[in-house]
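Down below is the structure, laid out as structure tokens.
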Amino acid sequence: MNVDFSAEELAFQEEVRQFLKEKLPADIAEKARKGLHFEKEDFVTWQKILAEKGWAAVNWPVEYGGTGWTSTQKYIWSNECAKVGAPGVIPFGMSMVAPVIYGFGNEEQKKRFLPDILNSNVWWCQGYSEPNAGSDLASLKTTATRDGDEYVVNGTKTWTTLGQYADWIFCLVRTGGSDAKNQEAISFLLIDMTTPGITVSPIYMLDERREVNEVHFDNVRVPVANLIGEEGKGWTYAKVLLTHERTGIARVAQSKMALQSVKALATETNDFGRPLLENPAFAQKVAELEIDLLALEYTELRTLAAVSTGKAPGPESSILKIKGTEIAQAIDELKMEIAGYYALPFLDEQFDINFDGEWVGPGSAANTAPTYFNNRKTSIYGGSNEVQKNIICKAVLGL
Amino acid sequence: MDFSYSEEQQMLQDSIAKFVQNDYDFDSRMKLVKSDLGYSEANWKLFAELGWLMVPFSEADGGLGGSAADLMVVMEEFGKGIVIEPFLATTVLGGGLVAAVGNDTQKAELIGGIMEGNLQMAFAYAEPQSRYNLADVATTATKDGDSYRLSGHKAVVLNGAAADVIAVSARTSGSQMDAEGISLFLVDPKSDGVRLKTYRTQDGGRAAEVHLDNVTVSADQLLGAEGQALPVMNQVLNRAILSICSEAVGAMEVSYKKTVEYTKTRVQFGVPIAKFQALQHRMADMFIEHQQAKSIVLMAAMKLDQGGAEADKAVSAMKSRIGKAARKIGQESIQIHGGIGVTEELDVGHYFKRLTMIELLFGNGDFHTQRFAKL
């Protein structure tokens, strides 16, 4: 039993630090530091830099351009990225559709799609949820009806994150007629967003920003060549994806950084002439979160260790999802609490890099409430925390 | 022992409930939130006509009595519609200060104007560094012949943009955190040296940063005795806290009821999600939180009407408990709604936002729990 880094791992950590110091563009670093909004270009720019270095596809097999890193290296990488606030790789292409393509796609599909994902030339989005298929995803109703060499797709997908930027969408569709409840009729289809019949309508979140969308399909014709694997196997592919490579879902590194910044901010914040961090009630909450996070970190390390010995992560990833989101949401609350009255102003424009008006409130205090509101989504998306508990009940407790 | 409303209180509740029900639907409210003014002048006139703006004032001042219990009735109903018209800032805060320590001229002019619906007020007490310490006042008021000169920065002044008169706390003597030496002034925001930075707030209201740079204020704009403002501020903020806690009770009732209704209609896995016991128990908890909140607000309203030393302690107990209930009900209402709950288009999220901001106003839960322990 041992959690120390080896000499090679320490050298790798140094290499990562050096790389981030040299290559993370100054404007992106500034946005991260000041809590400003990232734009599409920021993600693309950064991912291209990573691709050039060969570090974009952390979890991919080496043959498709992956890093081949050990789980410890991946852990070091995500920690160091969180420390400097580097934007995460947008997951829809890199971590969601790519594993399905290299896992179940044919050679032509791999050649056609993977390099553009790796080099961030194509922006992907996810077409899983529907207005009436949320936690019960298998009840989805979007149909793909075979017509010669094409499928004709009809239906509506929702909660499509950043779909407004997307060039392609990967969808779960019903190919075996429209009978609900039949998981064997679900197929995995890749659709070019420029195909006639697709319309994207925005959904605004509680912070008033456009983050998700509804995507409507009205007789959209998709070549059969865009089907992944076999008809009717889409649900199996999607499930494999959901239980694989979910490390990082705990967001331990990000939460550690956020707690550090909570402590720094609470040290600077005046509370009856003393630093807020010295208020026993506040200090207690910070300490409890730190302890909870420490336990989660070791839970994640245990999961990583199991993965590195070849075991696929099972229901453990549900623990990571639940605790990770609960801790991150609690940190958001602390930041809002520190801001006090200055959590009240709604000043979205203040957090654009080109803002040159009068700044209100200390630092990013005016962004704490929108962040808290927005991040309520994290315990809802990606399989809600209730669904995660159902998984534990079923798969672990045998209930 | 009698917790029932008087006939007048019942009528007041009914008339506000009818207004919220018929004239304050979610879409109308959202249009007001995004309008230039940020609320409806027509609604405000209606509030005046129906006598609601007279509720917080004593009969001697021309009002309807001004009991805390009456205020509770009004604010709870407003909370059900998360009404954004600046009732709190104008009548409870600004008007409350004038009613407490204003002279006859000030009362006639300002309270008269408020009750007629012709005058908006705000109370600028917080400062960037003050957090929840009312005595932390760095803004200065320097005597200059017959007048005063005010300089300083007042933070997050509710209704600051629309206010015709802003009551400002400023230090006439003592050092920055002294309890003594704080005075109140009635400032015309159009005066030379006053600069406002106005903005929307997270909960759909309006507020402003108020910058004062050598603003000349005449001696007759002094509100109450020089240097003796702190107890008055505390007294008025007690009523403001009762107001927002009552509002929270109304908002929590709507939040839990809407959540329960939603679970009856949302079908997943072939059944309405209301059938899941894991969710049923959580909604039972929301109901309990709401009932506990309602109880403690009643308690505080009665203690405030009795007056005396117990008022502060009762108010802190209320604010502490309401903060916990609002957080729980707000978060659960979002979580149980799922994806739709985190969108701008659903009303439940806007109740959540208001409940969240109520926790941060006039001292958060920790502040009031600690104050309760010390009193």
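Labeling convention for the structure tokens: chains A, B, ... as they appear, residues from 1 per chain, ligands from 1 in order of appearance.
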
Could the residues of chain A within 9 Å of chain B, counting only C-alpha atoms, be given as a short mmCIF file (atom, residue, chain, number, x, y, z; two decimals) with all heavy atoms, in the first residue's frame, please?
```cif
data_model
loop_
_atom_site.label_atom_id
_atom_site.label_comp_id
_atom_site.auth_asym_id
_atom_site.auth_seq_id
_atom_site.Cartn_x
_atom_site.Cartn_y
_atom_site.Cartn_z
N ASN A 132 -39.65 13.72 -22.95
CA ASN A 132 -40.31 12.74 -22.08
C ASN A 132 -39.44 11.55 -21.74
O ASN A 132 -39.92 10.53 -21.25
CB ASN A 132 -41.63 12.28 -22.70
CG ASN A 132 -42.65 13.41 -22.70
OD1 ASN A 132 -42.90 14.03 -21.66
ND2 ASN A 132 -43.18 13.73 -23.87
N ALA A 133 -38.17 11.65 -22.05
CA ALA A 133 -37.24 10.57 -21.70
C ALA A 133 -36.02 11.19 -21.03
O ALA A 133 -35.07 11.62 -21.68
CB ALA A 133 -36.83 9.79 -22.95
N GLY A 134 -36.08 11.29 -19.72
CA GLY A 134 -34.98 11.86 -18.96
C GLY A 134 -34.27 10.76 -18.21
O GLY A 134 -33.47 10.02 -18.78
N SER A 135 -34.60 10.59 -16.92
CA SER A 135 -34.02 9.49 -16.15
C SER A 135 -34.37 8.16 -16.79
O SER A 135 -33.58 7.22 -16.76
CB SER A 135 -34.56 9.53 -14.72
OG SER A 135 -34.00 10.62 -14.03
N ASP A 136 -35.55 8.09 -17.38
CA ASP A 136 -35.97 6.87 -18.09
C ASP A 136 -35.60 7.01 -19.56
O ASP A 136 -36.46 7.13 -20.44
CB ASP A 136 -37.49 6.71 -17.91
CG ASP A 136 -38.01 5.43 -18.57
OD1 ASP A 136 -37.19 4.57 -18.94
OD2 ASP A 136 -39.24 5.31 -18.70
N LEU A 137 -34.29 6.99 -19.81
CA LEU A 137 -33.78 7.28 -21.15
C LEU A 137 -34.28 6.27 -22.19
O LEU A 137 -34.53 6.61 -23.34
CB LEU A 137 -32.24 7.29 -21.11
CG LEU A 137 -31.52 7.68 -22.39
CD1 LEU A 137 -31.94 9.07 -22.85
CD2 LEU A 137 -30.02 7.64 -22.19
N ALA A 138 -34.46 5.02 -21.77
CA ALA A 138 -34.82 3.97 -22.72
C ALA A 138 -36.22 4.18 -23.32
O ALA A 138 -36.58 3.52 -24.30
CB ALA A 138 -34.74 2.61 -22.06
N SER A 139 -36.98 5.09 -22.75
CA SER A 139 -38.31 5.34 -23.31
C SER A 139 -38.27 6.36 -24.46
O SER A 139 -39.30 6.87 -24.87
CB SER A 139 -39.26 5.81 -22.21
OG SER A 139 -38.91 7.11 -21.78
N TRP A 159 -31.79 19.07 -23.87
CA TRP A 159 -30.62 19.25 -22.99
C TRP A 159 -29.33 19.08 -23.77
O TRP A 159 -28.34 18.56 -23.25
CB TRP A 159 -30.64 18.32 -21.77
CG TRP A 159 -31.93 18.27 -21.03
CD1 TRP A 159 -32.63 17.16 -20.68
CD2 TRP A 159 -32.71 19.38 -20.57
NE1 TRP A 159 -33.78 17.51 -20.02
CE2 TRP A 159 -33.86 18.87 -19.95
CE3 TRP A 159 -32.56 20.78 -20.62
CZ2 TRP A 159 -34.85 19.66 -19.38
CZ3 TRP A 159 -33.55 21.57 -20.08
CH2 TRP A 159 -34.67 21.02 -19.46
N LYS A 181 -40.22 1.27 -24.71
CA LYS A 181 -39.76 0.28 -23.74
C LYS A 181 -38.86 -0.79 -24.31
O LYS A 181 -38.38 -1.63 -23.59
CB LYS A 181 -40.96 -0.39 -23.05
CG LYS A 181 -41.58 0.43 -21.95
CD LYS A 181 -40.82 0.32 -20.66
CE LYS A 181 -40.07 1.61 -20.36
NZ LYS A 181 -39.09 1.57 -19.39
N ILE A 203 -32.30 26.81 -25.04
CA ILE A 203 -32.92 26.78 -23.71
C ILE A 203 -31.99 27.59 -22.81
O ILE A 203 -30.78 27.34 -22.78
CB ILE A 203 -33.03 25.34 -23.16
CG1 ILE A 203 -33.89 24.49 -24.10
CG2 ILE A 203 -33.61 25.34 -21.75
CD1 ILE A 203 -33.93 23.00 -23.70
N TYR A 204 -32.56 28.57 -22.13
CA TYR A 204 -31.74 29.40 -21.25
C TYR A 204 -31.78 28.85 -19.83
O TYR A 204 -32.81 28.43 -19.34
CB TYR A 204 -32.20 30.86 -21.29
CG TYR A 204 -31.90 31.47 -22.62
CD1 TYR A 204 -32.82 31.42 -23.67
CD2 TYR A 204 -30.66 32.06 -22.86
CE1 TYR A 204 -32.51 31.94 -24.92
CE2 TYR A 204 -30.35 32.59 -24.11
CZ TYR A 204 -31.28 32.51 -25.13
OH TYR A 204 -30.97 33.04 -26.36
N MET A 205 -30.62 28.86 -19.21
CA MET A 205 -30.50 28.31 -17.86
C MET A 205 -30.83 29.39 -16.83
O MET A 205 -31.05 30.54 -17.17
CB MET A 205 -29.07 27.80 -17.63
CG MET A 205 -28.64 26.72 -18.61
SD MET A 205 -29.36 25.13 -18.21
CE MET A 205 -28.23 24.59 -16.90
N LEU A 206 -30.80 29.00 -15.55
CA LEU A 206 -31.14 29.95 -14.49
C LEU A 206 -30.18 31.14 -14.42
O LEU A 206 -30.52 32.16 -13.87
CB LEU A 206 -31.13 29.23 -13.13
CG LEU A 206 -32.39 28.42 -12.82
CD1 LEU A 206 -32.23 27.73 -11.47
CD2 LEU A 206 -33.62 29.31 -12.81
N ASP A 207 -28.99 30.99 -14.99
CA ASP A 207 -28.07 32.13 -15.02
C ASP A 207 -28.29 32.96 -16.29
O ASP A 207 -27.49 33.84 -16.61
CB ASP A 207 -26.61 31.67 -14.92
CG ASP A 207 -26.23 30.69 -16.02
OD1 ASP A 207 -27.06 30.43 -16.92
OD2 ASP A 207 -25.10 30.16 -15.98
N GLU A 208 -29.35 32.64 -17.04
CA GLU A 208 -29.76 33.36 -18.25
C GLU A 208 -28.80 33.15 -19.42
O GLU A 208 -28.86 33.86 -20.41
CB GLU A 208 -29.98 34.87 -18.00
CG GLU A 208 -31.11 35.11 -17.02
CD GLU A 208 -31.53 36.56 -16.88
OE1 GLU A 208 -31.25 37.35 -17.80
OE2 GLU A 208 -32.14 36.89 -15.85
N ARG A 209 -27.92 32.20 -19.30
CA ARG A 209 -27.01 31.92 -20.41
C ARG A 209 -27.53 30.74 -21.24
O ARG A 209 -28.20 29.85 -20.73
CB ARG A 209 -25.60 31.63 -19.89
CG ARG A 209 -24.99 32.85 -19.24
CD ARG A 209 -23.56 32.60 -18.79
NE ARG A 209 -22.64 32.48 -19.89
CZ ARG A 209 -22.14 33.51 -20.57
NH1 ARG A 209 -22.48 34.74 -20.27
NH2 ARG A 209 -21.30 33.31 -21.57
N THR A 269 -12.02 38.43 3.57
CA THR A 269 -13.34 39.01 3.80
C THR A 269 -13.53 39.41 5.26
O THR A 269 -13.31 38.60 6.16
CB THR A 269 -14.43 38.01 3.37
OG1 THR A 269 -14.23 37.69 1.99
CG2 THR A 269 -15.82 38.57 3.55
N ASN A 270 -13.95 40.65 5.46
CA ASN A 270 -14.12 41.19 6.79
C ASN A 270 -15.43 40.70 7.41
O ASN A 270 -16.49 40.80 6.81
CB ASN A 270 -14.12 42.72 6.70
CG ASN A 270 -14.57 43.37 7.98
OD1 ASN A 270 -14.09 43.05 9.05
ND2 ASN A 270 -15.53 44.28 7.86
N ASP A 271 -15.33 40.18 8.63
CA ASP A 271 -16.53 39.76 9.35
C ASP A 271 -16.41 40.33 10.78
O ASP A 271 -15.72 39.78 11.60
CB ASP A 271 -16.62 38.23 9.36
CG ASP A 271 -17.85 37.72 10.08
OD1 ASP A 271 -18.96 38.14 9.73
OD2 ASP A 271 -17.70 36.89 11.01
N PHE A 272 -17.03 41.46 11.01
CA PHE A 272 -16.95 42.14 12.30
C PHE A 272 -15.51 42.37 12.74
O PHE A 272 -15.13 42.09 13.87
CB PHE A 272 -17.74 41.37 13.37
CG PHE A 272 -19.22 41.47 13.16
CD1 PHE A 272 -19.88 40.67 12.23
CD2 PHE A 272 -19.97 42.42 13.85
CE1 PHE A 272 -21.24 40.79 12.01
CE2 PHE A 272 -21.34 42.54 13.63
CZ PHE A 272 -21.97 41.73 12.71
N GLY A 273 -14.71 42.80 11.78
CA GLY A 273 -13.34 43.17 12.09
C GLY A 273 -12.34 42.02 12.09
O GLY A 273 -11.16 42.22 12.34
N ALA A 281 -18.39 29.20 12.80
CA ALA A 281 -19.42 28.52 12.01
C ALA A 281 -18.94 28.33 10.57
O ALA A 281 -19.12 27.26 9.98
CB ALA A 281 -20.72 29.31 12.03
N PHE A 282 -18.32 29.36 10.04
CA PHE A 282 -17.83 29.27 8.66
C PHE A 282 -16.66 28.29 8.58
O PHE A 282 -16.60 27.44 7.69
CB PHE A 282 -17.43 30.66 8.14
CG PHE A 282 -17.15 30.66 6.68
CD1 PHE A 282 -18.19 30.79 5.76
CD2 PHE A 282 -15.86 30.50 6.19
CE1 PHE A 282 -17.95 30.76 4.40
CE2 PHE A 282 -15.60 30.47 4.82
CZ PHE A 282 -16.65 30.60 3.93
N MET A 336 -20.80 31.84 -2.42
CA MET A 336 -21.90 32.81 -2.40
C MET A 336 -22.02 33.41 -1.00
O MET A 336 -22.27 34.61 -0.85
CB MET A 336 -23.18 32.08 -2.80
CG MET A 336 -24.34 32.95 -3.10
SD MET A 336 -25.64 31.99 -3.91
CE MET A 336 -25.97 30.73 -2.68
N GLU A 337 -21.80 32.58 -0.01
CA GLU A 337 -21.88 33.06 1.37
C GLU A 337 -20.79 34.10 1.64
O GLU A 337 -21.02 35.09 2.33
CB GLU A 337 -21.75 31.86 2.31
CG GLU A 337 -22.15 32.17 3.72
CD GLU A 337 -22.11 30.93 4.61
OE1 GLU A 337 -22.36 29.82 4.11
OE2 GLU A 337 -21.83 31.10 5.80
N ALA A 339 -19.50 36.05 -0.56
CA ALA A 339 -19.85 37.27 -1.30
C ALA A 339 -20.88 38.10 -0.54
O ALA A 339 -20.90 39.33 -0.64
CB ALA A 339 -20.40 36.89 -2.68
N GLY A 340 -21.72 37.46 0.28
CA GLY A 340 -22.70 38.21 1.07
C GLY A 340 -23.60 39.05 0.18
O GLY A 340 -24.15 38.56 -0.80
N TYR A 341 -23.73 40.33 0.49
CA TYR A 341 -24.59 41.20 -0.30
C TYR A 341 -24.16 41.25 -1.78
O TYR A 341 -24.98 41.42 -2.66
CB TYR A 341 -24.57 42.63 0.24
CG TYR A 341 -25.40 42.82 1.48
CD1 TYR A 341 -24.81 43.07 2.72
CD2 TYR A 341 -26.79 42.75 1.42
CE1 TYR A 341 -25.57 43.25 3.86
CE2 TYR A 341 -27.56 42.92 2.56
CZ TYR A 341 -26.95 43.17 3.78
OH TYR A 341 -27.72 43.34 4.89
N TYR A 342 -22.87 41.11 -2.01
CA TYR A 342 -22.39 41.22 -3.39
C TYR A 342 -22.68 39.98 -4.24
O TYR A 342 -22.28 39.90 -5.39
CB TYR A 342 -20.91 41.61 -3.43
CG TYR A 342 -20.73 43.11 -3.31
CD1 TYR A 342 -20.03 43.67 -2.24
CD2 TYR A 342 -21.29 43.96 -4.25
CE1 TYR A 342 -19.88 45.05 -2.13
CE2 TYR A 342 -21.15 45.33 -4.15
CZ TYR A 342 -20.45 45.88 -3.08
OH TYR A 342 -20.31 47.24 -2.98
N ALA A 343 -23.40 39.02 -3.66
CA ALA A 343 -23.94 37.95 -4.50
C ALA A 343 -25.20 38.41 -5.21
O ALA A 343 -25.65 37.77 -6.15
CB ALA A 343 -24.25 36.71 -3.65
N LEU A 344 -25.77 39.53 -4.77
CA LEU A 344 -27.06 39.95 -5.34
C LEU A 344 -27.00 40.55 -6.75
O LEU A 344 -27.88 40.28 -7.56
CB LEU A 344 -27.76 40.94 -4.40
CG LEU A 344 -28.78 40.27 -3.49
CD1 LEU A 344 -28.13 39.82 -2.20
CD2 LEU A 344 -29.96 41.16 -3.21
N PRO A 345 -26.02 41.40 -7.05
CA PRO A 345 -26.04 42.03 -8.38
C PRO A 345 -26.01 41.01 -9.52
O PRO A 345 -25.21 40.07 -9.47
CB PRO A 345 -24.76 42.87 -8.39
CG PRO A 345 -24.45 43.10 -6.95
CD PRO A 345 -24.91 41.88 -6.24
N PHE A 346 -26.87 41.20 -10.50
CA PHE A 346 -26.83 40.37 -11.71
C PHE A 346 -26.09 41.16 -12.77
O PHE A 346 -26.61 42.13 -13.32
CB PHE A 346 -28.25 40.03 -12.17
CG PHE A 346 -28.27 39.23 -13.45
CD1 PHE A 346 -28.09 37.86 -13.41
CD2 PHE A 346 -28.42 39.85 -14.68
CE1 PHE A 346 -28.07 37.12 -14.59
CE2 PHE A 346 -28.40 39.12 -15.86
CZ PHE A 346 -28.23 37.75 -15.81
N LEU A 347 -24.87 40.76 -13.05
CA LEU A 347 -24.01 41.55 -13.94
C LEU A 347 -23.27 40.62 -14.89
O LEU A 347 -22.04 40.56 -14.88
CB LEU A 347 -23.01 42.37 -13.10
CG LEU A 347 -23.65 43.47 -12.26
CD1 LEU A 347 -22.72 43.89 -11.13
CD2 LEU A 347 -23.99 44.68 -13.14
N GLU A 358 -17.90 49.89 -15.22
CA GLU A 358 -17.59 49.99 -13.80
C GLU A 358 -17.82 48.63 -13.12
O GLU A 358 -18.91 48.08 -13.18
CB GLU A 358 -18.50 51.05 -13.16
CG GLU A 358 -18.25 51.25 -11.68
CD GLU A 358 -19.22 52.27 -11.08
OE1 GLU A 358 -19.81 53.06 -11.84
OE2 GLU A 358 -19.41 52.24 -9.86
N VAL A 360 -18.50 45.97 -10.27
CA VAL A 360 -19.23 45.96 -9.00
C VAL A 360 -18.85 44.74 -8.19
O VAL A 360 -18.86 43.61 -8.69
CB VAL A 360 -20.76 45.98 -9.24
CG1 VAL A 360 -21.52 45.84 -7.92
CG2 VAL A 360 -21.18 47.25 -9.96
N GLY A 361 -18.53 44.96 -6.93
CA GLY A 361 -18.27 43.86 -6.01
C GLY A 361 -16.83 43.40 -6.07
O GLY A 361 -16.13 43.63 -7.05
N PRO A 362 -16.38 42.72 -5.01
CA PRO A 362 -15.00 42.23 -4.99
C PRO A 362 -14.83 41.01 -5.90
O PRO A 362 -15.65 40.08 -5.85
CB PRO A 362 -14.78 41.84 -3.53
CG PRO A 362 -16.15 41.56 -2.99
CD PRO A 362 -17.12 42.39 -3.78
N ALA A 369 -23.57 33.64 -7.41
CA ALA A 369 -24.94 33.12 -7.42
C ALA A 369 -25.28 32.44 -8.76
O ALA A 369 -25.80 31.33 -8.75
CB ALA A 369 -25.94 34.21 -7.08
N PRO A 370 -24.96 33.07 -9.91
CA PRO A 370 -25.23 32.37 -11.17
C PRO A 370 -24.53 31.02 -11.26
O PRO A 370 -25.09 30.05 -11.78
CB PRO A 370 -24.68 33.32 -12.24
CG PRO A 370 -24.67 34.66 -11.62
CD PRO A 370 -24.46 34.44 -10.14
N PHE A 373 -26.50 28.67 -9.06
CA PHE A 373 -27.77 28.31 -9.72
C PHE A 373 -27.50 27.31 -10.85
O PHE A 373 -28.16 26.28 -10.96
CB PHE A 373 -28.47 29.54 -10.31
CG PHE A 373 -28.90 30.56 -9.29
CD1 PHE A 373 -28.88 31.92 -9.59
CD2 PHE A 373 -29.35 30.16 -8.04
CE1 PHE A 373 -29.28 32.85 -8.65
CE2 PHE A 373 -29.75 31.09 -7.09
CZ PHE A 373 -29.71 32.44 -7.40
N ASN A 374 -26.54 27.64 -11.70
CA ASN A 374 -26.25 26.82 -12.86
C ASN A 374 -25.82 25.41 -12.46
O ASN A 374 -26.24 24.42 -13.06
CB ASN A 374 -25.17 27.51 -13.71
CG ASN A 374 -24.86 26.73 -14.97
OD1 ASN A 374 -24.21 25.68 -14.93
ND2 ASN A 374 -25.33 27.21 -16.11
N ASN A 375 -24.98 25.33 -11.44
CA ASN A 375 -24.43 24.02 -11.08
C ASN A 375 -25.41 23.12 -10.34
O ASN A 375 -25.06 21.98 -10.02
CB ASN A 375 -23.15 24.19 -10.26
CG ASN A 375 -21.96 24.49 -11.16
OD1 ASN A 375 -22.03 24.25 -12.37
ND2 ASN A 375 -20.90 25.01 -10.60
N ARG A 376 -26.62 23.60 -10.10
CA ARG A 376 -27.63 22.65 -9.61
C ARG A 376 -27.86 21.56 -10.65
O ARG A 376 -28.35 20.48 -10.34
CB ARG A 376 -28.96 23.34 -9.27
CG ARG A 376 -28.91 24.42 -8.19
CD ARG A 376 -28.17 24.06 -6.95
NE ARG A 376 -28.71 22.91 -6.24
CZ ARG A 376 -28.17 22.40 -5.15
NH1 ARG A 376 -27.06 22.92 -4.63
NH2 ARG A 376 -28.71 21.35 -4.55
N LYS A 377 -27.49 21.86 -11.90
CA LYS A 377 -27.66 20.87 -12.97
C LYS A 377 -26.80 19.63 -12.75
O LYS A 377 -27.13 18.55 -13.23
CB LYS A 377 -27.28 21.49 -14.33
CG LYS A 377 -25.76 21.68 -14.48
CD LYS A 377 -25.36 22.45 -15.70
CE LYS A 377 -23.84 22.69 -15.65
NZ LYS A 377 -23.39 23.68 -16.61
N SER A 379 -26.18 17.68 -10.32
CA SER A 379 -26.77 16.52 -9.64
C SER A 379 -27.97 15.98 -10.42
O SER A 379 -28.61 15.02 -10.01
CB SER A 379 -27.18 16.89 -8.21
OG SER A 379 -27.91 18.10 -8.19
N ILE A 380 -28.26 16.63 -11.57
CA ILE A 380 -29.38 16.19 -12.40
C ILE A 380 -28.89 15.50 -13.68
O ILE A 380 -29.41 14.47 -14.08
CB ILE A 380 -30.29 17.40 -12.75
CG1 ILE A 380 -30.96 17.93 -11.47
CG2 ILE A 380 -31.34 17.01 -13.79
CD1 ILE A 380 -31.64 19.26 -11.62
N TYR A 381 -27.84 16.07 -14.29
CA TYR A 381 -27.42 15.51 -15.59
C TYR A 381 -26.54 14.25 -15.44
O TYR A 381 -26.18 13.87 -14.33
CB TYR A 381 -26.76 16.57 -16.47
CG TYR A 381 -25.40 17.12 -16.07
CD1 TYR A 381 -24.47 16.39 -15.35
CD2 TYR A 381 -25.02 18.39 -16.49
CE1 TYR A 381 -23.23 16.90 -15.04
CE2 TYR A 381 -23.78 18.93 -16.18
CZ TYR A 381 -22.89 18.17 -15.47
OH TYR A 381 -21.66 18.69 -15.18
N SER A 384 -29.09 11.31 -13.08
CA SER A 384 -29.29 12.12 -11.87
C SER A 384 -28.77 11.35 -10.66
O SER A 384 -28.59 10.13 -10.71
CB SER A 384 -30.78 12.44 -11.68
OG SER A 384 -31.47 11.26 -11.31
N GLU A 386 -30.29 10.57 -8.15
CA GLU A 386 -31.27 9.55 -7.77
C GLU A 386 -31.07 8.27 -8.59
O GLU A 386 -31.13 7.16 -8.06
CB GLU A 386 -32.71 10.08 -7.98
CG GLU A 386 -33.14 11.15 -6.98
CD GLU A 386 -32.56 12.53 -7.28
OE1 GLU A 386 -31.99 12.72 -8.37
OE2 GLU A 386 -32.67 13.42 -6.42
#
```

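By only C-alpha atoms, and with residues fewer than 4 positions from region 108-113 of chain A along its chain excluded, the set lying at most 9 Å from it is Tyr64, Ala98, Ile101, Tyr102, Ile117, Leu118, Val122, Ala225, Asn226 and Ile228 of chain A.
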
Please extract the residues of region 161-382 of chain A with a backbone DSSP assignment of alpha helix (DSSP H) and present them as number ranges by chain.
A: 234-243, 252-268, 280-308, 316-339, 368-374

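Contact shell of Thr160 (chain A) at 9 Å (only C-alpha atoms; same-chain neighbours under 6 positions omitted): A:Cys125, A:Gln126, A:Gly127, A:Tyr128, A:Ser129, A:Glu211, A:Val212, A:Asn213, A:Glu214, A:Val215.
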
Output the selection as a PDB file, in the first residue's frame - N, CA, C and O atoms for each residue.
```
ATOM      1  N   CYS A 125     -22.087  17.171 -30.403  1.00  0.00           N
ATOM      2  CA  CYS A 125     -23.012  17.309 -29.286  1.00  0.00           C
ATOM      3  C   CYS A 125     -23.790  16.007 -29.111  1.00  0.00           C
ATOM      4  O   CYS A 125     -23.730  15.111 -29.966  1.00  0.00           O
ATOM      5  N   GLN A 126     -24.480  15.923 -27.984  1.00  0.00           N
ATOM      6  CA  GLN A 126     -25.099  14.663 -27.587  1.00  0.00           C
ATOM      7  C   GLN A 126     -26.616  14.683 -27.764  1.00  0.00           C
ATOM      8  O   GLN A 126     -27.276  15.610 -27.307  1.00  0.00           O
ATOM      9  N   GLY A 127     -27.154  13.689 -28.442  1.00  0.00           N
ATOM     10  CA  GLY A 127     -28.602  13.577 -28.611  1.00  0.00           C
ATOM     11  C   GLY A 127     -29.156  12.350 -27.920  1.00  0.00           C
ATOM     12  O   GLY A 127     -29.490  11.362 -28.581  1.00  0.00           O
ATOM     13  N   TYR A 128     -29.198  12.397 -26.601  1.00  0.00           N
ATOM     14  CA  TYR A 128     -29.756  11.283 -25.825  1.00  0.00           C
ATOM     15  C   TYR A 128     -31.142  11.640 -25.290  1.00  0.00           C
ATOM     16  O   TYR A 128     -32.145  11.098 -25.714  1.00  0.00           O
ATOM     17  N   SER A 129     -31.194  12.569 -24.306  1.00  0.00           N
ATOM     18  CA  SER A 129     -32.447  12.894 -23.620  1.00  0.00           C
ATOM     19  C   SER A 129     -33.491  13.436 -24.577  1.00  0.00           C
ATOM     20  O   SER A 129     -33.167  14.033 -25.608  1.00  0.00           O
ATOM     21  N   GLU A 211     -26.950  27.539 -22.710  1.00  0.00           N
ATOM     22  CA  GLU A 211     -25.996  26.449 -22.558  1.00  0.00           C
ATOM     23  C   GLU A 211     -26.528  25.176 -23.189  1.00  0.00           C
ATOM     24  O   GLU A 211     -25.776  24.366 -23.709  1.00  0.00           O
ATOM     25  N   VAL A 212     -27.824  24.994 -23.147  1.00  0.00           N
ATOM     26  CA  VAL A 212     -28.402  23.779 -23.716  1.00  0.00           C
ATOM     27  C   VAL A 212     -29.434  24.155 -24.782  1.00  0.00           C
ATOM     28  O   VAL A 212     -29.796  25.313 -24.933  1.00  0.00           O
ATOM     29  N   ASN A 213     -29.879  23.132 -25.517  1.00  0.00           N
ATOM     30  CA  ASN A 213     -30.768  23.362 -26.654  1.00  0.00           C
ATOM     31  C   ASN A 213     -31.733  22.208 -26.814  1.00  0.00           C
ATOM     32  O   ASN A 213     -31.497  21.104 -26.316  1.00  0.00           O
ATOM     33  N   GLU A 214     -32.792  22.490 -27.575  1.00  0.00           N
ATOM     34  CA  GLU A 214     -33.611  21.417 -28.112  1.00  0.00           C
ATOM     35  C   GLU A 214     -33.221  21.261 -29.571  1.00  0.00           C
ATOM     36  O   GLU A 214     -33.044  22.262 -30.269  1.00  0.00           O
ATOM     37  N   VAL A 215     -33.086  20.041 -30.009  1.00  0.00           N
ATOM     38  CA  VAL A 215     -32.759  19.783 -31.412  1.00  0.00           C
ATOM     39  C   VAL A 215     -33.918  19.001 -32.023  1.00  0.00           C
ATOM     40  O   VAL A 215     -34.269  17.925 -31.533  1.00  0.00           O
TER      41      VAL A 215
END
```

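Every protein, DNA or RNA residue with an atom at most 10 Å from region 257-260 of chain A, where only C-alpha atoms count and chain neighbours fewer than 6 positions away do not, is listed here: Asn79, Ala82, Lys83, Val84, Gly85, Ala266, Val286, Ala287, Leu289, Glu290, Leu293, Ile327, Ala328, Ile331, Asp332, Leu334 and Lys335 of chain A.
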